[in-house]
Amino acid sequence: MVVWFANGGSRLLALTPAPIEKLAFERIEFRPQEIVLHVRNEGPETFHVAQILINDAIWDFSIAPDRSLGRFGAATISLPYDWIEGEPYAVTVLSGNGLRHETTVDIAMPAPSPSGRLLTAFALLGVYVGVVPVFLGLLWLPALRAAPRAWVEFWLALTMGLLVFLGIDTLKEALEIAGRAPSFVNGVLLTALGAAAAFLGITAAGRALSRGEGSATGMSLALLIAIGIGLHNLGEGLAIGAAYTLGEVALGSFLIIGFTVHNTTEGLAILSPLVEGRASLRQLALLGLIGGGPTILGTWAGAFTYSTPLSLLFLGIGAGAIFQVVRILARAQAKGGSALDALGHGRAAAGFIAGFLLMYATSLLVAG
Amino acid sequence: MRRARGGARLGVALFALLLAAACGCGRGERAGAGSADMDSLAAAARAHAIRALTDFDTGKVTRLPDGRTLREYEVWAEERMVAVAPGIRFPAWTYNGAIPGPTLRCTESDSIRIHFRNRGTMAHSMHFHGVHPAGMDGVFEQVPPGGEFLYAFTAEPFGVHLYHCHTMPVKMHIARGLYGVFIVDPKTPRPPAREMVMMMNGFDTDLDGSKNEIYTVNGFANVYFRDYPIPVKMNQLQRVYLVNITEFDLVNSMHTHATFFHVYPTGTSTTPSAYTDVVTLGQAERAILEFKYSFPGRYLFHAHQSEFAELGWLGQFEVKP
């Protein structure tokens with residue numbers, strides 16, 4: 001077989017002479033009087049950048065390092081163009097084989113360059129969207145503690161409902177992005193990779209935290225949940241930062257308000273294991289930071305260094321983390337039994353559905 | 001135990017070797033994929049566009065017993081990869097190896113014989129826009145691959161005409177490049193002028209059969225804008241034989257900057273029909289334009305469908321005293 005391949009025997013299988021091309025537009029930046037494209041050849045053959053069209057007009061460009069992109073090769077293309085803020089643009093790359101590779105920008109927005117002011121602005125955004133809501137959710141602790149013990153089960157189930165919804169929502173977002181990217185299958189696989197990594201990672205973390213005493217409870221469980229939610233919020237921050245960069249800011253303040261309400265419920269999720277037992281203010285604050293803080297990191301990453309593969313990976317991690325946390329919660333609830341056992345009866349089922357509904361309602365605020 | 005482990009190692013090693021061979025050698029070996037090839041294709045296309053501007057094939061001339069002139073032409077159809085814009089290759093079907101095909105020229109009432117050979121892999125033909133008998137029309141007499149056909153008729157009427165393939169699907173046979181200009185001069189020659197041939201076309205480079213990605217005149221995008229601004233002598237009469245063979249778009253047009261031209265639709269009359277600076281033509285419509293430039297300098301000419309101009313149908317005249 002090796003000899004066959006070496007002698008070009010694989011040409012036998014080249015049944016179609018049609019060129020297979022896949023060009024990924026990793027990033028489009030609108031700089032003063034200039035449009036910069038970051039592209040990568042995701043196809044199996046060398047890609048030759050022949051002509052670039054902006055809104056169907058051939059435009060002069062300079063390209064580095066080379067017009068020919070090998071497999072997985074990348075290039076940066078600069079086009080002097082007087083673009084108008086807020087207007088849509090369609091950019092097409094015509095390859096050497098005459099095929100069109102097109103991407104559209106719905107709203108042209110100036111590319112953010114990391115300045116102190118912008119960093120602070122995005123950090124504040126992360127605080128509003130991530131940290132503050134989680135802390136708001138934590139304020140529920142006294143109320144939860146005052147409630148009858150029977151309701152603890154309800155709250156835990158509510159938490160699981162919240163988290164399952166979050167997990168599914170994250171996967172949905174990842175699939176949407178993967179669908180828009182040229183290499184659909186690889187995008188999905190990347191997400192799956194992130195999910196698997198997070199899932200197993202948190203399992204390992206859980207084992208370490210409980211020091212082999214069976215499943216985690218109380219503070220350890222709350223910590224696990226906080227970590228899971230933190231990972232999820234990293235992905236959320238990425239989405240917000242990216243939306244700004246990619247010119248999808250029509251969502252703007254509406255998105256922020258929506259996320260804030262949506263994330264308050266996450267504080268609840270972190271709380272649930274702590275209803276019985278003790279938790280100092282310092283510990284609660286730490287949990288809040290772990291859960292909400294990553295939003296800031298995510299927003300920075302999304303705004304300044306967005307790339308589709310990165311965002312898909314982190315969305316996958318976020319989803320995997322969430323699902324593992326749910327599993328841990330459920331096993332804690334059922335005292336070692338299966339997750340379904342835990343949700344099988346009245347109050348718990350009601351709690352789960354209530355959690356789901358709550359997240360659904362708040363997600364309506366995060367339009368789109 | 002040791003044998004089992006050794007066997008497993010061998011298995012892994014062979015598998016790795018297989019993978020490496022597959023990755024390394026499975027790479028598509030497309031003919032002419034390198035950029036060096038692209039450069040030579042582009043150079044050939046540029047050279048052809050510059051030649052096509054002023055090259056006329058007047059055929060092998062002999063005199064018939066009745067005094068008429070006999071002209072014989074050799075035209076063949078062949079598939080050829082051509083460059084249609086810098087960096088863009090197109091799998092073309094051509095007459096005589098390039099787009100557009102040769103400009104065939106003769107005088108009214110000459111006896112014409114075109115010896116057509118099909119060197120392609122599918123049936124082709126030559127359909128002339130002119131007056132001729134049914135069997136010479138190039139529609140019901142398709143020429144199979146490897147076949148030949150002798151088109152023989154008397155050249156009439158005088159004017160600027162064209163020929164193209166008429167094999168079904170005609171849209172594709174035209175879009176792939178099988179066309180050329182056919183000029184029949186009137187018995188009384190037109191006034192002396194510097195003559196140019198311009199055939200407007202488009203290229204559907206991604207072969208989706210619905211739209212053109214590139215527009216050109218004489219086969220290479222922006223060639224008279226970037227590569228060869230057409231030299232023009234000030235105050236000298238210029239005559240352009242303009243033919244539209246663009247597929248997929250309803251019309252094409254030509255606009256000259258800073259000067260107006262007289263339009264002779266189809267060239268079948270020696271009286272112009274209009275004095276203007278834009279002429280719009282449907283597919284297979286053609287006209288003779290006559291104009292002069294009174295001042296030196298560089299002047300654009302292009303389609304006045306701006307979207308065609310921005311996709312390659314743009315040129316300039318360089319006027320010198």
# chains A, B, ... in the order shown; residues from 1 in each chain; ligands from 1
$ interface_residues --of "chain A" --to "chain B" --cutoff "6 Å" --atoms "only C-alpha atoms" --output "list of chain:residue names"
A:Val2, A:Ala6, A:Ser10, A:Ala50, A:Ala57, A:Ile58, A:Gly96, A:Asn97, A:Gly98, A:Leu99
$ residues_around --residues "stretch 136-147 of chain A" --least-positions-apart "3" --cutoff "10 Å" --atoms "only C-alpha atoms" --output "number ranges by chain"
A: 131-133, 150-152, 155, 260-261, 263-272, 274-277, 279, 284-285, 287-288
$ write_last_selection --atoms "C-alpha atoms" --output "PDB file, in the first residue's frame"
ATOM      1  CA  VAL A 131     -19.753  39.193  38.267  1.00  0.00           C
ATOM      2  CA  VAL A 132     -22.596  41.427  39.423  1.00  0.00           C
ATOM      3  CA  PRO A 133     -25.430  39.076  38.492  1.00  0.00           C
ATOM      4  CA  ALA A 150     -38.148  20.076  51.880  1.00  0.00           C
ATOM      5  CA  TRP A 151     -37.644  22.878  49.463  1.00  0.00           C
ATOM      6  CA  VAL A 152     -33.905  22.236  49.298  1.00  0.00           C
ATOM      7  CA  TRP A 155     -33.900  24.287  44.696  1.00  0.00           C
ATOM      8  CA  THR A 260     -27.571  40.150  33.414  1.00  0.00           C
ATOM      9  CA  VAL A 261     -30.944  38.721  34.341  1.00  0.00           C
ATOM     10  CA  ASN A 263     -26.854  35.235  34.902  1.00  0.00           C
ATOM     11  CA  THR A 264     -28.506  36.131  38.176  1.00  0.00           C
ATOM     12  CA  THR A 265     -30.064  32.720  38.064  1.00  0.00           C
ATOM     13  CA  GLU A 266     -26.557  31.261  37.854  1.00  0.00           C
ATOM     14  CA  GLY A 267     -25.839  32.667  41.309  1.00  0.00           C
ATOM     15  CA  LEU A 268     -28.738  30.567  42.485  1.00  0.00           C
ATOM     16  CA  ALA A 269     -27.156  27.486  40.995  1.00  0.00           C
ATOM     17  CA  ILE A 270     -23.944  28.023  42.929  1.00  0.00           C
ATOM     18  CA  LEU A 271     -25.950  28.514  46.117  1.00  0.00           C
ATOM     19  CA  SER A 272     -28.040  25.417  46.174  1.00  0.00           C
ATOM     20  CA  LEU A 274     -24.853  25.581  50.509  1.00  0.00           C
ATOM     21  CA  VAL A 275     -28.369  25.816  51.882  1.00  0.00           C
ATOM     22  CA  GLU A 276     -27.462  23.320  54.532  1.00  0.00           C
ATOM     23  CA  GLY A 277     -24.134  23.987  56.150  1.00  0.00           C
ATOM     24  CA  ALA A 279     -20.403  29.448  54.239  1.00  0.00           C
ATOM     25  CA  LEU A 284     -19.236  33.272  48.985  1.00  0.00           C
ATOM     26  CA  ALA A 285     -17.390  36.203  47.467  1.00  0.00           C
ATOM     27  CA  LEU A 287     -17.390  31.610  44.596  1.00  0.00           C
ATOM     28  CA  GLY A 288     -18.963  34.635  42.954  1.00  0.00           C
TER      29      GLY A 288
END
$ residues_around --residues "stretch 60-74 of chain A" --least-positions-apart "5" --cutoff "6 Å" --atoms "only C-alpha atoms" --output "compact mmCIF listing (two decimals) with N, CA and C atoms, in the first residue's frame"
# COMPACT_ATOMS: atom_id res chain seq x y z
N VAL A 39 -7.15 35.24 6.51
CA VAL A 39 -7.74 34.04 5.92
C VAL A 39 -6.84 32.84 6.13
N ARG A 40 -7.48 31.68 6.05
CA ARG A 40 -6.71 30.44 6.20
C ARG A 40 -7.25 29.41 5.23
N ASN A 41 -6.33 28.70 4.60
CA ASN A 41 -6.71 27.65 3.65
C ASN A 41 -7.04 26.37 4.41
N GLU A 42 -8.31 26.02 4.42
CA GLU A 42 -8.71 24.81 5.14
C GLU A 42 -8.97 23.65 4.20
N PRO A 44 -7.71 20.79 1.07
CA PRO A 44 -6.59 19.87 0.93
C PRO A 44 -5.53 20.30 -0.09
N THR A 46 -3.35 23.41 -2.45
CA THR A 46 -2.83 24.78 -2.35
C THR A 46 -3.86 25.76 -2.87
N PHE A 47 -4.03 26.85 -2.17
CA PHE A 47 -5.02 27.86 -2.55
C PHE A 47 -4.28 29.09 -3.08
N HIS A 48 -4.68 29.54 -4.27
CA HIS A 48 -4.05 30.75 -4.83
C HIS A 48 -5.05 31.89 -4.75
N VAL A 49 -4.66 32.95 -4.04
CA VAL A 49 -5.53 34.13 -3.98
C VAL A 49 -5.29 34.92 -5.26
N LEU A 79 -6.59 45.74 2.09
CA LEU A 79 -7.22 46.44 0.99
C LEU A 79 -7.45 47.89 1.37
$ closest_residue --among "A:Ser220, A:Ser363, A:Thr203, A:Thr170" --to "A:Glu236" --atoms "only C-alpha atoms"
A:Thr170
$ select_by_dssp --residues "stretch 34-232 of chain B" --states "strand (DSSP E or B)" --output "number ranges by chain"
B: 57, 60-63, 69-85, 88-95, 98, 104-107, 111-118, 124, 127-128, 143, 148-154, 159-164, 179-185, 194-203, 214-217, 230-232
$ select_by_dssp --residues "stretch 106-198 of chain B" --states "alpha helix (DSSP H)" --output "NGL selection string"
:B and (170-175)
$ closest_residue --among "A:Leu166, A:Leu193, A:Val36, A:Leu223" --to "A:Leu310" --atoms "only C-alpha atoms"
A:Leu193
$ residues_around --residues "B:Thr121" --least-positions-apart "6" --cutoff "10 Å" --atoms "only C-alpha atoms" --output "list of chain:residue names"
B:Ala77, B:Glu78, B:Glu79, B:Trp93, B:Pro144, B:Pro145, B:Gly146
$ write_last_selection --atoms "C-alpha atoms" --output "PDB file, in the first residue's frame"
ATOM      1  CA  ALA B  77     -11.977  23.923 -31.847  1.00  0.00           C
ATOM      2  CA  GLU B  78      -9.874  22.863 -28.903  1.00  0.00           C
ATOM      3  CA  GLU B  79     -10.051  22.823 -25.133  1.00  0.00           C
ATOM      4  CA  TRP B  93     -13.296  25.851 -25.165  1.00  0.00           C
ATOM      5  CA  PRO B 144     -18.324  15.317 -33.679  1.00  0.00           C
ATOM      6  CA  PRO B 145     -14.992  15.193 -31.862  1.00  0.00           C
ATOM      7  CA  GLY B 146     -12.302  14.474 -34.417  1.00  0.00           C
TER       8      GLY B 146
END
$ residues_around --residues "B:Asp57" --least-positions-apart "5" --cutoff "8 Å" --atoms "only C-alpha atoms" --output "count of residues only"
5
